[in-house]
>>> print(open('start-v5.cif').read())   # mmCIF, C-alpha atoms and all ligand atoms
data_data
loop_
_atom_site.label_atom_id
_atom_site.label_comp_id
_atom_site.auth_asym_id
_atom_site.auth_seq_id
_atom_site.Cartn_x
_atom_site.Cartn_y
_atom_site.Cartn_z
CA MET E 1 -17.23 -22.84 -17.86
CA ASP E 2 -19.02 -19.94 -16.16
CA ASN E 3 -20.15 -18.15 -19.24
CA THR E 4 -21.21 -20.94 -21.47
CA ILE E 5 -24.23 -20.37 -23.64
CA SER E 6 -26.06 -23.64 -23.17
CA ARG E 7 -26.04 -26.26 -25.89
CA ARG E 8 -29.81 -26.02 -25.95
CA LYS E 9 -29.55 -22.34 -26.81
CA PHE E 10 -27.00 -23.08 -29.56
CA VAL E 11 -29.38 -25.55 -31.16
CA LYS E 12 -32.35 -23.25 -30.68
CA SER E 13 -30.80 -20.10 -32.06
CA VAL E 14 -27.55 -20.61 -33.89
CA GLY E 15 -28.15 -24.18 -35.02
CA ALA E 16 -31.62 -23.38 -36.26
CA GLY E 17 -30.12 -20.49 -38.16
CA VAL E 18 -27.67 -22.70 -40.00
CA GLY E 19 -30.62 -24.93 -40.91
CA MET E 20 -32.53 -21.95 -42.22
CA LEU E 21 -29.54 -21.00 -44.33
CA LEU E 22 -29.66 -24.38 -46.00
CA MET E 23 -33.34 -23.97 -46.81
CA GLY E 24 -32.41 -20.88 -48.78
CA GLY E 25 -34.92 -18.20 -49.65
CA CYS E 26 -34.12 -14.58 -50.26
CA ASN E 27 -35.71 -11.32 -49.32
CA ASN E 28 -35.57 -9.22 -52.45
CA SER E 29 -37.14 -6.07 -51.08
CA ALA E 30 -35.58 -2.96 -52.49
CA LYS E 31 -32.80 -1.32 -50.60
CA TRP E 32 -33.82 1.89 -48.94
CA PHE E 33 -30.77 3.81 -49.86
CA GLY E 34 -30.17 5.69 -53.05
CA ALA E 35 -27.14 7.32 -54.60
CA ASN E 36 -27.62 10.55 -52.68
CA ASP E 37 -28.00 9.10 -49.23
CA LYS E 38 -24.83 8.88 -47.27
CA PRO E 39 -25.19 7.26 -43.86
CA ASN E 40 -22.50 7.64 -41.23
CA PHE E 41 -20.57 4.55 -40.19
CA ILE E 42 -19.11 3.80 -36.79
CA ILE E 43 -17.16 0.55 -36.70
CA ILE E 44 -16.23 -0.45 -33.17
CA MET E 45 -13.93 -3.44 -32.85
CA ALA E 46 -12.96 -5.06 -29.56
CA ASP E 47 -9.69 -6.97 -29.30
CA ASP E 48 -9.67 -10.64 -28.25
CA LEU E 49 -13.28 -10.50 -27.05
CA GLY E 50 -14.79 -14.00 -27.05
CA TYR E 51 -18.18 -15.31 -28.16
CA GLY E 52 -19.19 -15.72 -24.50
CA ASP E 53 -17.85 -12.44 -23.09
CA LEU E 54 -20.95 -10.22 -23.38
CA GLY E 55 -24.27 -10.21 -21.58
CA CYS E 56 -26.13 -10.33 -24.89
CA TYR E 57 -24.12 -13.45 -25.81
CA GLY E 58 -24.93 -15.28 -22.58
CA ASN E 59 -22.36 -13.96 -20.10
CA THR E 60 -23.71 -13.56 -16.56
CA LYS E 61 -20.61 -12.19 -14.81
CA ILE E 62 -19.38 -9.30 -16.95
CA ARG E 63 -21.75 -6.32 -17.10
CA THR E 64 -22.14 -4.89 -20.60
CA PRO E 65 -25.42 -2.91 -20.46
CA ASN E 66 -24.51 -0.55 -23.30
CA ILE E 67 -23.49 -3.21 -25.81
CA ASP E 68 -26.50 -5.26 -24.70
CA ALA E 69 -28.70 -2.21 -25.42
CA MET E 70 -27.28 -2.07 -28.94
CA ALA E 71 -28.25 -5.72 -29.42
CA ALA E 72 -31.72 -5.06 -27.98
CA GLY E 73 -32.15 -2.05 -30.25
CA GLY E 74 -30.52 -3.66 -33.29
CA MET E 75 -29.40 -6.97 -34.74
CA ARG E 76 -27.26 -9.65 -33.15
CA LEU E 77 -25.25 -11.64 -35.67
CA THR E 78 -24.83 -15.15 -34.31
CA ASP E 79 -22.69 -16.50 -37.17
CA TYR E 80 -20.22 -13.63 -37.65
CA HIS E 81 -16.54 -14.44 -38.06
CA SER E 82 -13.28 -12.59 -37.93
CA ASN E 83 -11.17 -13.31 -40.99
CA GLY E 84 -8.19 -14.09 -38.81
CA ALA E 85 -7.70 -16.02 -35.59
CA VAL E 86 -5.28 -13.30 -34.45
CA CYS E 87 -5.13 -9.48 -34.62
CA SER E 88 -3.28 -8.23 -37.73
CA PRO E 89 -4.83 -10.60 -40.32
CA THR E 90 -8.37 -9.70 -39.21
CA ARG E 91 -7.56 -5.99 -39.44
CA ALA E 92 -6.08 -6.28 -42.94
CA ALA E 93 -9.21 -8.11 -44.13
CA LEU E 94 -11.58 -5.69 -42.40
CA LEU E 95 -9.81 -2.69 -43.93
CA THR E 96 -9.56 -4.07 -47.47
CA GLY E 97 -12.52 -6.43 -47.84
CA ARG E 98 -10.09 -9.09 -48.99
CA TYR E 99 -8.60 -12.28 -47.65
CA GLN E 100 -5.61 -11.05 -45.67
CA GLN E 101 -3.32 -13.54 -47.41
CA ARG E 102 -3.62 -11.36 -50.51
CA CYS E 103 -2.49 -8.30 -48.54
CA GLY E 104 0.66 -9.97 -47.22
CA ILE E 105 -0.68 -9.82 -43.65
CA ASN E 106 -1.06 -13.49 -42.94
CA GLY E 107 0.24 -13.41 -39.38
CA VAL E 108 0.76 -11.04 -36.47
CA VAL E 109 2.85 -7.98 -37.30
CA THR E 110 4.96 -8.34 -34.17
CA ALA E 111 6.62 -5.59 -32.16
CA LYS E 112 9.76 -7.70 -32.02
CA ASN E 113 10.33 -8.90 -35.58
CA HIS E 114 8.22 -6.83 -37.95
CA ARG E 115 9.05 -3.22 -37.23
CA GLU E 116 10.02 -2.43 -40.82
CA THR E 117 7.07 -3.90 -42.70
CA GLY E 118 3.41 -3.12 -43.26
CA MET E 119 0.35 -3.56 -45.43
CA PRO E 120 1.18 -2.31 -48.94
CA LEU E 121 -0.23 1.12 -49.75
CA SER E 122 -1.57 -0.33 -53.00
CA GLU E 123 -4.28 -2.06 -50.93
CA VAL E 124 -7.54 -0.11 -50.99
CA THR E 125 -9.12 0.43 -47.57
CA PHE E 126 -12.76 1.17 -46.75
CA ALA E 127 -11.62 4.66 -45.75
CA GLU E 128 -10.27 5.21 -49.27
CA VAL E 129 -13.45 3.84 -50.83
CA LEU E 130 -15.56 6.24 -48.75
CA LYS E 131 -13.26 9.21 -49.42
CA GLN E 132 -14.53 9.08 -53.00
CA LYS E 133 -17.91 10.10 -51.59
CA ASP E 134 -16.31 12.84 -49.47
CA TYR E 135 -16.60 11.05 -46.17
CA ALA E 136 -14.66 12.40 -43.21
CA THR E 137 -12.66 9.41 -41.93
CA GLY E 138 -11.02 8.75 -38.58
CA LEU E 139 -9.30 5.86 -36.85
CA PHE E 140 -8.74 5.93 -33.12
CA GLY E 141 -7.07 3.05 -31.32
CA LYS E 142 -5.20 0.07 -32.69
CA TRP E 143 -3.77 -0.12 -36.21
CA HIS E 144 -1.42 -3.13 -36.17
CA VAL E 145 -0.81 -3.49 -39.90
CA GLY E 146 2.53 -1.65 -40.06
CA TYR E 147 4.96 0.23 -37.80
CA PRO E 148 6.85 2.71 -40.02
CA ALA E 149 5.23 6.08 -40.73
CA GLU E 150 4.96 5.16 -44.43
CA PHE E 151 2.32 2.56 -43.45
CA ASN E 152 0.45 4.88 -41.08
CA PRO E 153 -3.39 5.02 -41.25
CA ILE E 154 -3.22 8.53 -42.71
CA LYS E 155 -1.53 6.98 -45.77
CA GLN E 156 -4.48 4.61 -46.12
CA GLY E 157 -7.42 6.98 -46.35
CA PHE E 158 -7.87 8.09 -42.73
CA ASP E 159 -7.95 11.87 -42.28
CA GLU E 160 -7.31 11.54 -38.57
CA PHE E 161 -5.49 8.96 -36.49
CA ALA E 162 -4.67 8.81 -32.81
CA GLY E 163 -3.66 5.57 -31.18
CA PHE E 164 -1.06 2.85 -31.36
CA VAL E 165 0.41 0.86 -34.20
CA SER E 166 1.57 -2.26 -32.31
CA GLY E 167 -0.46 -5.22 -31.09
CA ASN E 168 -0.85 -3.88 -27.57
CA VAL E 169 0.33 -1.10 -25.30
CA ASP E 170 0.33 -0.55 -21.57
CA TYR E 171 -3.12 0.94 -20.95
CA GLN E 172 -1.61 3.78 -18.89
CA SER E 173 1.93 4.41 -20.22
CA HIS E 174 1.21 3.41 -23.86
CA VAL E 175 4.48 1.49 -24.14
CA ASP E 176 4.45 -1.54 -26.41
CA GLN E 177 5.56 -5.00 -25.39
CA GLU E 178 9.11 -4.43 -26.60
CA GLY E 179 9.50 -1.25 -24.55
CA TYR E 180 8.86 1.33 -27.29
CA ALA E 181 6.63 4.36 -26.80
CA ASP E 182 3.57 3.76 -28.99
CA TRP E 183 0.95 6.51 -28.92
CA TRP E 184 0.65 8.53 -32.12
CA LYS E 185 -1.20 11.48 -33.53
CA GLY E 186 -1.06 10.95 -37.24
CA GLU E 187 2.52 10.14 -38.19
CA LYS E 188 4.07 11.58 -35.03
CA LEU E 189 4.72 9.98 -31.68
CA ALA E 190 2.76 12.10 -29.20
CA ASP E 191 1.96 10.51 -25.89
CA GLU E 192 -0.83 11.82 -23.70
CA ASN E 193 -2.25 10.91 -20.33
CA GLY E 194 -5.13 8.54 -20.01
CA TYR E 195 -6.36 4.96 -19.97
CA THR E 196 -6.26 3.71 -23.56
CA THR E 197 -9.94 2.75 -23.61
CA ASP E 198 -10.99 6.19 -22.37
CA LEU E 199 -8.72 8.00 -24.85
CA ILE E 200 -10.26 6.06 -27.74
CA THR E 201 -13.72 7.01 -26.50
CA LYS E 202 -12.73 10.68 -26.07
CA TYR E 203 -11.39 10.89 -29.63
CA GLY E 204 -14.49 9.14 -30.93
CA GLU E 205 -16.82 11.58 -29.20
CA ARG E 206 -14.86 14.57 -30.51
CA PHE E 207 -14.85 13.19 -34.03
CA ILE E 208 -18.62 12.67 -34.04
CA GLU E 209 -19.21 16.16 -32.73
CA LYS E 210 -16.82 17.74 -35.22
CA HIS E 211 -18.25 15.92 -38.26
CA ARG E 212 -21.91 15.75 -37.26
CA ALA E 213 -23.04 17.84 -40.23
CA GLU E 214 -21.25 15.78 -42.91
CA ALA E 215 -20.98 12.09 -43.78
CA PHE E 216 -18.35 10.36 -41.70
CA CYS E 217 -16.76 6.99 -41.10
CA LEU E 218 -15.31 6.43 -37.66
CA TYR E 219 -13.28 3.31 -36.91
CA LEU E 220 -12.81 2.81 -33.17
CA ALA E 221 -10.36 -0.03 -32.70
CA HIS E 222 -10.36 -0.75 -28.99
CA GLU E 223 -7.47 -2.44 -27.24
CA ALA E 224 -9.74 -4.02 -24.65
CA PRO E 225 -9.75 -6.73 -23.50
CA HIS E 226 -6.33 -7.67 -24.95
CA TYR E 227 -3.50 -8.02 -22.39
CA PRO E 228 -1.83 -6.38 -20.45
CA TYR E 229 -4.64 -6.98 -17.97
CA GLN E 230 -5.09 -3.52 -16.47
CA GLY E 231 -8.27 -1.90 -15.24
CA PRO E 232 -8.89 1.87 -15.40
CA ASP E 233 -7.53 2.42 -11.87
CA ASP E 234 -4.35 0.39 -12.22
CA SER E 235 -0.89 1.90 -12.44
CA PRO E 236 1.43 1.35 -15.44
CA GLU E 237 3.27 -1.96 -15.87
CA ARG E 238 5.72 -0.87 -18.55
CA GLU E 239 8.02 2.08 -19.11
CA VAL E 240 10.02 3.09 -22.17
CA GLY E 241 12.96 0.74 -22.50
CA ASN E 242 11.50 -1.73 -20.05
CA ALA E 243 8.43 -3.69 -21.04
CA HIS E 244 8.42 -5.63 -17.77
CA ALA E 245 8.99 -2.83 -15.32
CA PHE E 246 6.37 -3.23 -12.65
CA LYS E 247 4.28 -5.78 -10.88
CA LYS E 248 1.37 -7.15 -12.85
CA ARG E 249 -2.09 -7.98 -11.59
CA THR E 250 -2.52 -11.60 -10.63
CA ASP E 251 -6.36 -11.53 -10.62
CA LYS E 252 -6.57 -11.50 -14.40
CA LYS E 253 -10.24 -12.50 -14.53
CA THR E 254 -11.25 -9.50 -12.42
CA ALA E 255 -9.04 -7.17 -14.46
CA TYR E 256 -10.56 -8.63 -17.64
CA LYS E 257 -14.06 -7.84 -16.38
CA GLU E 258 -13.04 -4.27 -15.50
CA MET E 259 -11.53 -3.79 -18.96
CA ILE E 260 -14.64 -4.97 -20.80
CA GLU E 261 -16.89 -2.92 -18.54
CA ALA E 262 -14.78 0.21 -19.20
CA MET E 263 -15.05 -0.40 -22.95
CA ASP E 264 -18.80 -0.92 -22.60
CA ALA E 265 -19.12 2.38 -20.74
CA GLY E 266 -17.18 4.10 -23.56
CA ILE E 267 -19.43 2.56 -26.19
CA GLY E 268 -22.41 3.89 -24.23
CA LYS E 269 -20.91 7.38 -24.53
CA ILE E 270 -20.46 6.98 -28.29
CA VAL E 271 -24.08 5.90 -28.78
CA GLU E 272 -25.19 8.76 -26.55
CA LYS E 273 -23.10 11.26 -28.53
CA VAL E 274 -24.72 10.10 -31.77
CA LYS E 275 -28.14 10.63 -30.18
CA GLN E 276 -27.20 14.05 -28.80
CA MET E 277 -26.09 15.16 -32.26
CA GLY E 278 -29.45 14.04 -33.64
CA ILE E 279 -27.89 11.73 -36.23
CA GLU E 280 -28.90 8.33 -34.88
CA LYS E 281 -31.38 7.76 -37.72
CA ASN E 282 -28.55 8.19 -40.25
CA THR E 283 -25.78 6.26 -38.52
CA LEU E 284 -24.91 2.58 -38.66
CA ILE E 285 -22.98 1.49 -35.58
CA PHE E 286 -21.36 -1.89 -36.04
CA PHE E 287 -19.67 -3.70 -33.18
CA CYS E 288 -17.50 -6.81 -33.45
CA SER E 289 -14.39 -8.52 -32.12
CA ASP E 290 -11.20 -9.27 -34.04
CA ASN E 291 -10.71 -12.89 -32.99
CA GLY E 292 -11.61 -15.32 -30.20
CA PRO E 293 -10.66 -14.82 -26.56
CA ALA E 294 -7.27 -15.23 -24.92
CA GLY E 295 -6.64 -16.63 -21.41
CA PRO E 296 -9.32 -15.13 -19.16
CA GLY E 297 -11.99 -14.86 -21.87
CA SER E 298 -14.87 -17.14 -22.77
CA SER E 299 -15.61 -18.76 -26.12
CA GLY E 300 -19.15 -19.38 -24.86
CA GLY E 301 -18.89 -23.14 -25.20
CA LEU E 302 -17.30 -23.11 -28.64
CA ARG E 303 -14.19 -25.21 -29.16
CA GLY E 304 -10.86 -23.35 -29.12
CA LYS E 305 -9.74 -19.79 -28.46
CA LYS E 306 -7.63 -17.09 -30.09
CA GLY E 307 -5.11 -18.52 -32.55
CA SER E 308 -7.20 -21.58 -33.38
CA LEU E 309 -9.41 -22.29 -36.37
CA TRP E 310 -11.98 -24.04 -34.24
CA GLU E 311 -15.11 -21.87 -33.99
CA GLY E 312 -13.88 -20.34 -30.71
CA GLY E 313 -10.95 -18.79 -32.58
CA HIS E 314 -13.01 -16.83 -35.10
CA ARG E 315 -16.77 -16.90 -34.36
CA VAL E 316 -17.13 -13.69 -32.39
CA PRO E 317 -19.87 -11.33 -31.19
CA ALA E 318 -21.18 -8.82 -33.73
CA ILE E 319 -24.03 -6.32 -33.52
CA ALA E 320 -25.47 -3.99 -36.15
CA TYR E 321 -27.35 -1.03 -34.69
CA TRP E 322 -29.29 1.59 -36.59
CA PRO E 323 -32.56 2.78 -35.06
CA GLY E 324 -35.36 2.91 -37.58
CA ARG E 325 -33.41 0.92 -40.18
CA ILE E 326 -32.37 -2.29 -38.49
CA THR E 327 -35.10 -4.24 -36.71
CA ALA E 328 -34.73 -3.88 -32.94
CA GLY E 329 -34.07 -7.11 -31.09
CA SER E 330 -33.50 -9.13 -34.26
CA ASP E 331 -31.04 -11.95 -34.85
CA SER E 332 -29.39 -12.93 -38.10
CA TYR E 333 -27.99 -16.43 -38.51
CA GLU E 334 -26.27 -15.66 -41.82
CA THR E 335 -22.60 -16.51 -42.11
CA ILE E 336 -20.79 -13.17 -42.31
CA MET E 337 -17.10 -12.26 -42.21
CA GLY E 338 -15.14 -9.13 -41.39
CA MET E 339 -14.21 -8.69 -45.05
CA ASP E 340 -17.91 -8.12 -45.85
CA LEU E 341 -17.90 -4.68 -44.21
CA LEU E 342 -16.09 -2.83 -47.02
CA PRO E 343 -18.54 -3.89 -49.76
CA THR E 344 -21.44 -3.32 -47.35
CA MET E 345 -20.41 0.24 -46.47
CA ALA E 346 -19.64 1.00 -50.11
CA ALA E 347 -23.15 -0.12 -51.12
CA MET E 348 -24.82 1.86 -48.35
CA ALA E 349 -22.81 4.97 -49.26
CA GLY E 350 -23.35 4.53 -52.99
CA ALA E 351 -19.56 4.45 -53.41
CA LYS E 352 -17.92 2.63 -56.28
CA ILE E 353 -15.35 0.05 -55.34
CA PRO E 354 -12.21 0.77 -57.40
CA LYS E 355 -11.22 -1.98 -59.78
CA GLN E 356 -7.90 -2.63 -58.10
CA ALA E 357 -9.60 -3.24 -54.74
CA GLN E 358 -10.96 -6.65 -55.82
CA PRO E 359 -12.72 -7.48 -52.55
CA ASP E 360 -13.53 -11.07 -51.62
CA GLY E 361 -16.29 -9.97 -49.24
CA THR E 362 -19.96 -9.52 -50.08
CA ASP E 363 -22.38 -6.65 -49.55
CA VAL E 364 -24.49 -7.82 -46.61
CA SER E 365 -26.59 -4.66 -46.28
CA ASP E 366 -29.73 -6.66 -47.13
CA VAL E 367 -29.02 -8.93 -44.17
CA MET E 368 -28.70 -5.97 -41.83
CA LEU E 369 -31.56 -3.86 -43.19
CA ASN E 370 -34.06 -6.51 -44.27
CA ASN E 371 -32.96 -9.61 -42.37
CA ALA E 372 -32.44 -11.21 -45.78
CA LYS E 373 -30.75 -14.52 -46.52
CA LEU E 374 -27.44 -14.59 -48.36
CA GLU E 375 -26.65 -16.64 -51.40
CA GLN E 376 -24.69 -19.70 -50.33
CA ARG E 377 -20.97 -19.16 -50.52
CA THR E 378 -17.80 -20.88 -49.46
CA LEU E 379 -15.58 -19.14 -46.90
CA PHE E 380 -12.00 -19.85 -45.92
CA TRP E 381 -9.59 -19.39 -43.04
CA GLN E 382 -5.89 -20.08 -42.77
CA HIS E 383 -3.67 -19.49 -39.76
CA ARG E 384 -0.17 -20.92 -39.70
CA ASP E 385 -0.53 -24.65 -40.46
CA GLN E 386 -4.29 -24.69 -39.83
CA LYS E 387 -6.89 -24.29 -42.54
CA ALA E 388 -10.67 -24.29 -42.49
CA VAL E 389 -13.48 -24.00 -44.99
CA ARG E 390 -17.18 -23.38 -44.44
CA HIS E 391 -20.08 -24.05 -46.76
CA GLY E 392 -23.59 -23.86 -45.30
CA LYS E 393 -23.71 -26.10 -42.26
CA TRP E 394 -20.47 -27.90 -43.15
CA LYS E 395 -17.09 -26.95 -41.78
CA LEU E 396 -13.88 -28.71 -42.65
CA VAL E 397 -10.82 -28.20 -40.45
CA VAL E 398 -7.32 -29.27 -41.51
CA GLN E 399 -4.83 -29.29 -38.68
CA LYS E 400 -1.52 -31.12 -38.38
CA ASN E 401 -2.39 -33.10 -41.52
CA LYS E 402 -5.62 -34.33 -39.96
CA THR E 403 -8.80 -33.50 -41.86
CA ARG E 404 -12.03 -33.28 -39.90
CA LEU E 405 -15.58 -32.47 -40.97
CA PHE E 406 -18.33 -31.06 -38.75
CA ASP E 407 -22.04 -30.42 -39.15
CA LEU E 408 -22.36 -27.08 -37.35
CA ALA E 409 -26.16 -27.22 -37.46
CA SER E 410 -26.13 -30.08 -34.94
CA ASP E 411 -22.60 -29.85 -33.59
CA LEU E 412 -21.48 -26.27 -33.07
CA ALA E 413 -18.93 -27.44 -30.50
CA GLU E 414 -17.12 -29.42 -33.25
CA LYS E 415 -16.96 -32.67 -31.33
CA ASN E 416 -18.25 -35.18 -33.84
CA ASP E 417 -15.87 -35.68 -36.79
CA LEU E 418 -17.83 -36.85 -39.85
CA ALA E 419 -14.92 -36.98 -42.34
CA THR E 420 -15.10 -40.74 -42.72
CA THR E 421 -18.89 -40.98 -42.90
CA GLU E 422 -19.39 -38.01 -45.25
CA LYS E 423 -16.64 -38.78 -47.71
CA ALA E 424 -18.12 -36.95 -50.70
CA VAL E 425 -18.62 -33.69 -48.77
CA THR E 426 -15.13 -34.00 -47.31
CA ALA E 427 -13.54 -34.57 -50.71
CA LYS E 428 -15.38 -31.61 -52.22
CA MET E 429 -14.37 -29.27 -49.43
CA VAL E 430 -10.75 -30.44 -49.46
CA LYS E 431 -10.68 -29.58 -53.13
CA LEU E 432 -12.22 -26.13 -52.63
CA LEU E 433 -9.74 -25.40 -49.85
CA SER E 434 -6.79 -26.45 -51.93
CA GLN E 435 -7.97 -24.32 -54.88
CA TRP E 436 -8.46 -21.28 -52.65
CA HIS E 437 -5.11 -21.68 -50.96
CA LYS E 438 -3.31 -21.96 -54.27
CA GLU E 439 -5.18 -18.98 -55.67
CA VAL E 440 -4.49 -16.55 -52.80
CA TRP E 441 -0.83 -17.54 -52.48
CA ASP E 442 -0.18 -17.60 -56.22
CA GLY E 443 -1.55 -14.08 -56.35
CA VAL E 444 0.90 -12.93 -53.66
CA GLU E 445 3.84 -14.64 -55.34
CA LYS E 446 3.02 -13.13 -58.71
CA ARG E 447 2.85 -9.65 -57.19
CA SER E 448 6.10 -9.86 -55.22
CA CA M 1 -6.89 -9.65 -31.28
#
>>> encode(input="start-v5.cif", output="structure tokens", more="lines below")
Ligand SMILES: [Ca+2]
Amino acid sequence: MDNTISRRKFVKSVGAGVGMLLMGGCNNSAKWFGANDKPNFIIIMADDLGYGDLGCYGNTKIRTPNIDAMAAGGMRLTDYHSNGAVCSPTRAALLTGRYQQRCGINGVVTAKNHRETGMPLSEVTFAEVLKQKDYATGLFGKWHVGYPAEFNPIKQGFDEFAGFVSGNVDYQSHVDQEGYADWWKGEKLADENGYTTDLITKYGERFIEKHRAEAFCLYLAHEAPHYPYQGPDDSPEREVGNAHAFKKRTDKKTAYKEMIEAMDAGIGKIVEKVKQMGIEKNTLIFFCSDNGPAGPGSSGGLRGKKGSLWEGGHRVPAIAYWPGRITAGSDSYETIMGMDLLPTMAAMAGAKIPKQAQPDGTDVSDVMLNNAKLEQRTLFWQHRDQKAVRHGKWKLVVQKNKTRLFDLASDLAEKNDLATTEKAVTAKMVKLLSQWHKEVWDGVEKRS
């Protein structure tokens, strides 16, 4: 594979990190923020971007100077995971801080079969948590946790929304993969001209400018580099009523590179806008992906891709950038998940998490701000008939009734199954997984 981060580098950086986690230790230095400080948050999420798709994660073909600059000026998280192995589940967990199974978004909300459903409004999003502290909130780009207007982002704490509600749109015509027009302003369909990536950037820049003098939370949910594989200069592939209208590009790898580079250029503009407004010392910019790569992407040597519960399906790039607050050029090897962002932002903003929110995630602000270690915890994934559980260096994967155990500290590529040699660890993790699965699904059944 072109873009593989070498095994040596895994062992040196990521593997060593898992080892450090096991040794424990905790940085207890006081948090800098107090009840009256309200930092701005910019959450930028790429779509289907793999662990090996960025320069700062070992890619040598795709040019990502702006994201790389964020890593150089901030913190690279080497053991960050999306909650889901596909789009909608990760988004539900990111928004609510909870395992997506609890939110009823356990699979993709498809353009074909799920046009009437959505994430219940009773779920509390990070936008709603931050509204309590008078944050201005905006979401530009992909929603993908409900089609009907009743499930629109503006019903879930976002003051402003422009973007699409399906899993993907044509980057030029903004038609979804079933042939429906899918570009909204708030609750209304309102198409406009432009390459999706550039529109998301434009709205982001405007939002920052407009709200520069107050606390804000901006969620930029990029479509790139999800298919359809279209660069900024390509013509539309879909039209309303015909999702397969025109010829598609055959050089998908080249298109993929163009798409990531266009997103990177847009992220450069966002960082620049924050600097221009003079608010960079009070703004956390967090970048991540929503799941592992699809066809043309690189998992960076990890096993599996999007849709799988091997590491390649959910270990994704993540960068926390905040000049003066987060140590430039640092790495954290702590195991972090998308659902940790809600409690983290709430803590940084001094916002109370409402009782009914009941997040599963943890406040990881100490990791970002002080490079602290986290208390050991057990984390879970479930996608279709696959399940996985992580505790420290151990990862158990259950797939097609086969149970496998891996020591990620020495085997990040998940090649060496230790289930038969480490029977006690395996039995313990099987039990934890079964308890978790019962608990999240029982909760859903009781509610419905
Ligand atoms: Ca995705």
>>> residues_near_ligand(input="start-v5.cif", ligand="ligand CA 1 (chain M)", cutoff="6 Å", atoms="all atoms listed in the file", output="ChimeraX atom specification")
/E:47-48,86-87,290-291
>>> residues_around(input="start-v5.cif", residues="stretch 97-104 of chain E", least_positions_apart="6", cutoff="8 Å", atoms="all atoms listed in the file", output="PyMOL selection string")
chain E and resi 83-84+89-90+119-120+123+125-126+338-343+358-361+440-441+443-444
>>> residues_around(input="start-v5.cif", residues="E:Asn371", least_positions_apart="4", cutoff="9 Å", atoms="only C-alpha atoms", output="PDB file with C-alpha atoms, in the frame of the given file")
ATOM      1  CA  ASN E  27     -35.710 -11.320 -49.320  1.00  0.00           C
ATOM      2  CA  MET E  75     -29.400  -6.970 -34.740  1.00  0.00           C
ATOM      3  CA  ILE E 326     -32.370  -2.290 -38.490  1.00  0.00           C
ATOM      4  CA  THR E 327     -35.100  -4.240 -36.710  1.00  0.00           C
ATOM      5  CA  SER E 330     -33.500  -9.130 -34.260  1.00  0.00           C
ATOM      6  CA  ASP E 331     -31.040 -11.950 -34.850  1.00  0.00           C
ATOM      7  CA  SER E 332     -29.390 -12.930 -38.100  1.00  0.00           C
ATOM      8  CA  SER E 365     -26.590  -4.660 -46.280  1.00  0.00           C
ATOM      9  CA  ASP E 366     -29.730  -6.660 -47.130  1.00  0.00           C
ATOM     10  CA  VAL E 367     -29.020  -8.930 -44.170  1.00  0.00           C
TER      11      VAL E 367
END
>>> atom_distance(input="start-v5.cif", atom1="atom CA of E:Lys428", atom2="atom CA of E:Leu94")
28.0 Å
>>> closest_residue(input="start-v5.cif", among="E:Ser289, E:Gln156, E:Asn113, E:Thr196", to="E:Ser173", atoms="all atoms listed in the file")
E:Thr196
>>> closest_residue(input="start-v5.cif", among="E:Asn40, E:Arg76, E:Gly204, E:Ala190", to="E:Met368", atoms="all atoms listed in the file")
E:Arg76
>>> axis_aligned_box(input="start-v5.cif", around="stretch 319-323 of chain E", padding_each_side="6 Å", output="lines of an AutoDock Vina configuration file")
center_x = -28.3
center_y = -1.8
center_z = -35.1
size_x = 20.5
size_y = 21.1
size_z = 15.1
>>> atom_distance(input="start-v5.cif", atom1="atom CA of E:His174", atom2="atom CA of E:Glu237")
9.8 Å
>>> decode(input="start-v5.cif", residues="stretch 196-204 of chain E", atoms="N, CA and C atoms", output="compact mmCIF listing (two decimals), in the first residue's frame")
# COMPACT_ATOMS: atom_id res chain seq x y z
N THR E 196 -19.62 21.48 -3.08
CA THR E 196 -20.04 21.29 -1.68
C THR E 196 -18.96 21.71 -0.68
N THR E 197 -17.75 21.24 -0.91
CA THR E 197 -16.65 21.54 0.02
C THR E 197 -16.45 23.05 0.17
N ASP E 198 -16.52 23.76 -0.96
CA ASP E 198 -16.30 25.21 -0.93
C ASP E 198 -17.47 25.94 -0.25
N LEU E 199 -18.69 25.42 -0.47
CA LEU E 199 -19.86 26.04 0.19
C LEU E 199 -19.73 25.90 1.71
N ILE E 200 -19.33 24.73 2.16
CA ILE E 200 -19.19 24.50 3.60
C ILE E 200 -18.15 25.48 4.18
N THR E 201 -17.06 25.64 3.46
CA THR E 201 -16.02 26.58 3.90
C THR E 201 -16.56 28.01 3.93
N LYS E 202 -17.29 28.39 2.88
CA LYS E 202 -17.83 29.76 2.80
C LYS E 202 -18.76 30.04 3.99
N TYR E 203 -19.65 29.11 4.26
CA TYR E 203 -20.56 29.30 5.40
C TYR E 203 -19.78 29.35 6.72
N GLY E 204 -18.76 28.53 6.83
CA GLY E 204 -17.94 28.53 8.04
C GLY E 204 -17.26 29.87 8.26
